[in-house]
Amino acid sequence: MRGFARELRAEVDSQGVMQRIVDAAVIELEGAIGASITVLEHGRIESPVHSGDLAARVGEAERDTAEGPCVDTARTEITIRADDLRSDQRWPTFAPIAVANGVLSILSFQLFADQDSMGALNVYGGAPGVFDRDAENVGQMLAAHAAIAMSSMRTITNMRVALQSRDLIGQAKGILMERYKITDVQAFELLVAASQRGNRKLRDIADELTATGEFRGIDE
C-alpha cells in the first residue's frame with residue numbers, strides 16, 4: 001500500500017492516477033481478470049480508464065445500459081459485491097452482457113462524490129464467488145488511497161485552470177489597455193461587459209481576444 005501511494009503521488013494528471021488504480025486492483029485482488037473506473041458527471045456515464053479490452057467492453061455496457069453495480073456504487077456511495085451475475089436479478093440488462101464477456105462476479109467501490117460528479121472502481125472476476133471479505137477489505141484500502149489521490153489531483157487541476165484563466169485575462173486586459181489607452185480597471189470592466197452582453201464566459205472572451213485580436217464589445 002505504501003508503494004501504491006507513492007506511485008499515485010508520482011503521477012502528473014488524473015488519467016495517470018486512474019490508470020494506476022485499475023492496474024493495482026487487478027494485481028492485488030485475487031481472482032480479478034480486469035478493472036475499470038466508472039464516472040457519473042452531470043448525469044452522463046463514462047468509463048474513461050480500464051485495464052484492458054474486457055474491462056473496456058464491460059464499462060461500455062454499463063454506459064449503454066445505464067445500470068450495473070458500478071453505477072449503483074457511484075450513485076449510492078456504497079460498496080457492492082455481485083457473486084454470480086448469471087443469477088443476480090438487480091441488473092437485468094447489464095448482467096447478461098457482462099456474462100457474455102466472461103465476467104461472472106464484480107466488486108465495486110466508490111472513489112469520490114462531488115456535487116455533480118461521482119466515480120467508482122470496478123473489479124471483475126471470471127468465475128462466481130471469487131471475491132470474499134478479504135478482497136473487499138483490500139479493495140476498500142485501494143479505493144481509499146485512490147480517492148485521496150484523485151481528490152488532490154482534481155484540486156491541482158482546478159488550480160491550474162484558474163491560474164491559466166488569470167494569465168489569459170491579464171493578457172486580454174493588456175491588449176485592451178494598449179488598444180484603447182485605458183486603465184487596468186477599465187479594461188477589466190470592458191471584458192466583463194462583453195461577457196454579460198454576449199452571455200459568454202469571461203475566459204472565452206479573453207481567449208478569443210488574445211488569439212484573434214477580435215473583441216466583440218467595442219469592435220463589433
# chains A, B, ... in the order shown; residues from 1 in each chain; ligands from 1
>>> residues_around(residues="A:Arg86", least_positions_apart="6", cutoff="10 Å", atoms="only C-alpha atoms", output="number ranges by chain")
A: 92, 95-96, 98-100, 103-105, 128
>>> residues_around(residues="stretch 190-206 of chain A", least_positions_apart="3", cutoff="7 Å", atoms="only C-alpha atoms", output="MDAnalysis selection string")
chainID A and resid 165 168:169 172 186:187 209:210 216:217
>>> residues_around(residues="stretch 25-37 of chain A", least_positions_apart="5", cutoff="6 Å", atoms="only C-alpha atoms", output="PyMOL selection string")
chain A and resi 47+49-51+55+120-125+130+135
>>> write_last_selection(atoms="N, CA and C atoms", output="CSV table (one decimal), in the first residue's frame")
chain,number,residue,atom,x,y,z
A,47,SER,N,-16.7,5.5,-18.9
A,47,SER,CA,-15.7,4.6,-18.3
A,47,SER,C,-14.4,5.0,-18.9
A,49,VAL,N,-11.2,4.8,-18.0
A,49,VAL,CA,-10.0,4.1,-17.7
A,49,VAL,C,-10.3,2.6,-17.5
A,50,HIS,N,-9.5,1.7,-18.1
A,50,HIS,CA,-9.7,0.3,-17.9
A,50,HIS,C,-8.4,-0.4,-18.0
A,51,SER,N,-8.4,-1.7,-17.5
A,51,SER,CA,-7.2,-2.5,-17.5
A,51,SER,C,-6.9,-3.2,-18.8
A,55,ALA,N,-12.4,-5.2,-19.8
A,55,ALA,CA,-12.9,-4.2,-18.9
A,55,ALA,C,-13.5,-3.1,-19.6
A,120,ALA,N,-16.6,5.4,-9.4
A,120,ALA,CA,-16.4,4.1,-8.7
A,120,ALA,C,-15.3,3.3,-9.4
A,121,LEU,N,-14.7,2.5,-8.6
A,121,LEU,CA,-13.7,1.5,-9.0
A,121,LEU,C,-14.4,0.1,-9.1
A,122,ASN,N,-14.3,-0.5,-10.3
A,122,ASN,CA,-15.0,-1.8,-10.6
A,122,ASN,C,-13.9,-2.9,-10.8
A,123,VAL,N,-14.1,-4.0,-10.2
A,123,VAL,CA,-13.1,-5.1,-10.3
A,123,VAL,C,-13.9,-6.3,-10.8
A,124,TYR,N,-13.5,-6.9,-11.9
A,124,TYR,CA,-14.2,-8.0,-12.5
A,124,TYR,C,-13.6,-9.4,-12.3
A,125,GLY,N,-14.4,-10.4,-12.0
A,125,GLY,CA,-14.0,-11.7,-11.8
A,125,GLY,C,-14.5,-12.7,-12.8
A,130,VAL,N,-15.6,-15.3,-6.6
A,130,VAL,CA,-14.1,-15.2,-6.4
A,130,VAL,C,-13.7,-14.1,-5.4
A,135,ALA,N,-11.0,-9.8,0.0
A,135,ALA,CA,-10.9,-9.0,-1.2
A,135,ALA,C,-11.6,-7.6,-1.1
>>> select_by_dssp(residues="stretch 14-94 of chain A", states="alpha helix (DSSP H)", output="PyMOL selection string")
chain A and resi 14-28+53-65+69-76+94
>>> write_last_selection(atoms="C-alpha atoms", output="JSON list (two decimals), in the first residue's frame")
[["chain", "number", "residue", "atom", "x", "y", "z"],
["A", 14, "SER", "CA", -5.85, 12.39, -13.30],
["A", 15, "GLN", "CA", -5.70, 9.95, -16.22],
["A", 16, "GLY", "CA", -2.41, 8.57, -14.93],
["A", 17, "VAL", "CA", -3.78, 8.29, -11.39],
["A", 18, "MET", "CA", -6.84, 6.36, -12.56],
["A", 19, "GLN", "CA", -4.74, 4.02, -14.68],
["A", 20, "ARG", "CA", -2.54, 3.21, -11.69],
["A", 21, "ILE", "CA", -5.67, 2.43, -9.67],
["A", 22, "VAL", "CA", -7.16, -0.10, -12.10],
["A", 23, "ASP", "CA", -3.80, -1.78, -12.72],
["A", 24, "ALA", "CA", -3.22, -2.16, -8.98],
["A", 25, "ALA", "CA", -6.72, -3.58, -8.45],
["A", 26, "VAL", "CA", -6.10, -6.38, -10.95],
["A", 27, "ILE", "CA", -2.78, -7.25, -9.32],
["A", 28, "GLU", "CA", -3.86, -7.03, -5.67],
["A", 53, "ASP", "CA", -10.27, -4.80, -23.69],
["A", 54, "LEU", "CA", -12.53, -6.93, -21.50],
["A", 55, "ALA", "CA", -12.87, -4.22, -18.86],
["A", 56, "ALA", "CA", -13.48, -1.65, -21.59],
["A", 57, "ARG", "CA", -16.35, -3.71, -23.04],
["A", 58, "VAL", "CA", -17.98, -4.19, -19.65],
["A", 59, "GLY", "CA", -17.58, -0.48, -18.87],
["A", 60, "GLU", "CA", -19.21, 0.39, -22.19],
["A", 61, "ALA", "CA", -22.09, -1.97, -21.34],
["A", 62, "GLU", "CA", -22.72, -0.04, -18.13],
["A", 63, "ARG", "CA", -22.69, 3.22, -20.03],
["A", 64, "ASP", "CA", -25.05, 1.91, -22.71],
["A", 65, "THR", "CA", -27.50, 0.25, -20.30],
["A", 69, "PRO", "CA", -23.13, -2.46, -9.71],
["A", 70, "CYS", "CA", -20.62, 0.22, -10.66],
["A", 71, "VAL", "CA", -23.36, 2.73, -11.50],
["A", 72, "ASP", "CA", -25.18, 1.92, -8.26],
["A", 73, "THR", "CA", -21.99, 2.26, -6.22],
["A", 74, "ALA", "CA", -21.24, 5.70, -7.65],
["A", 75, "ARG", "CA", -24.79, 6.87, -7.01],
["A", 76, "THR", "CA", -25.44, 5.40, -3.58],
["A", 94, "PHE", "CA", -26.36, -5.26, -17.92]]
>>> residues_around(residues="A:Leu40", least_positions_apart="5", cutoff="7 Å", atoms="only C-alpha atoms", output="CSV table (one decimal) with all heavy atoms, in the first residue's frame")
chain,number,residue,atom,x,y,z
A,45,ILE,N,-22.8,8.8,-18.0
A,45,ILE,CA,-22.0,7.7,-17.5
A,45,ILE,C,-20.8,7.5,-18.5
A,45,ILE,O,-21.0,7.3,-19.7
A,45,ILE,CB,-22.8,6.5,-17.4
A,45,ILE,CG1,-24.0,6.7,-16.4
A,45,ILE,CG2,-22.0,5.3,-16.9
A,45,ILE,CD1,-25.0,5.6,-16.4
A,46,GLU,N,-19.6,7.5,-18.0
A,46,GLU,CA,-18.4,7.2,-18.8
A,46,GLU,C,-17.5,6.2,-18.1
A,46,GLU,O,-17.6,6.0,-16.9
A,46,GLU,CB,-17.6,8.5,-19.0
A,46,GLU,CG,-18.4,9.6,-19.8
A,46,GLU,CD,-18.7,9.2,-21.2
A,46,GLU,OE1,-18.0,8.3,-21.8
A,46,GLU,OE2,-19.6,9.9,-21.8
A,117,SER,N,-20.6,15.2,-9.7
A,117,SER,CA,-19.6,14.2,-10.3
A,117,SER,C,-19.4,13.1,-9.2
A,117,SER,O,-19.1,13.3,-8.1
A,117,SER,CB,-18.3,14.8,-10.7
A,117,SER,OG,-17.4,13.9,-11.2
A,118,MET,N,-19.5,11.8,-9.7
A,118,MET,CA,-19.2,10.7,-8.8
A,118,MET,C,-18.4,9.6,-9.6
A,118,MET,O,-18.5,9.6,-10.8
A,118,MET,CB,-20.6,10.1,-8.3
A,118,MET,CG,-21.4,11.0,-7.4
A,118,MET,SD,-23.0,10.4,-7.1
A,118,MET,CE,-23.9,10.9,-8.6
A,119,GLY,N,-17.7,8.8,-8.9
A,119,GLY,CA,-16.9,7.8,-9.5
A,119,GLY,C,-16.8,6.5,-8.7
A,119,GLY,O,-16.9,6.6,-7.5
>>> closest_residue(among="A:Asn101, A:Gln171, A:Ser87, A:Thr93", to="A:Glu208", atoms="only C-alpha atoms")
A:Gln171
>>> atom_distance(atom1="atom CA of A:Leu111", atom2="atom CA of A:Pro48")
13.9 Å
>>> select_by_dssp(residues="stretch 10-157 of chain A", states="strand (DSSP E or B)", output="PyMOL selection string")
chain A and resi 32-41+44-50+80-82+105-113+117-125
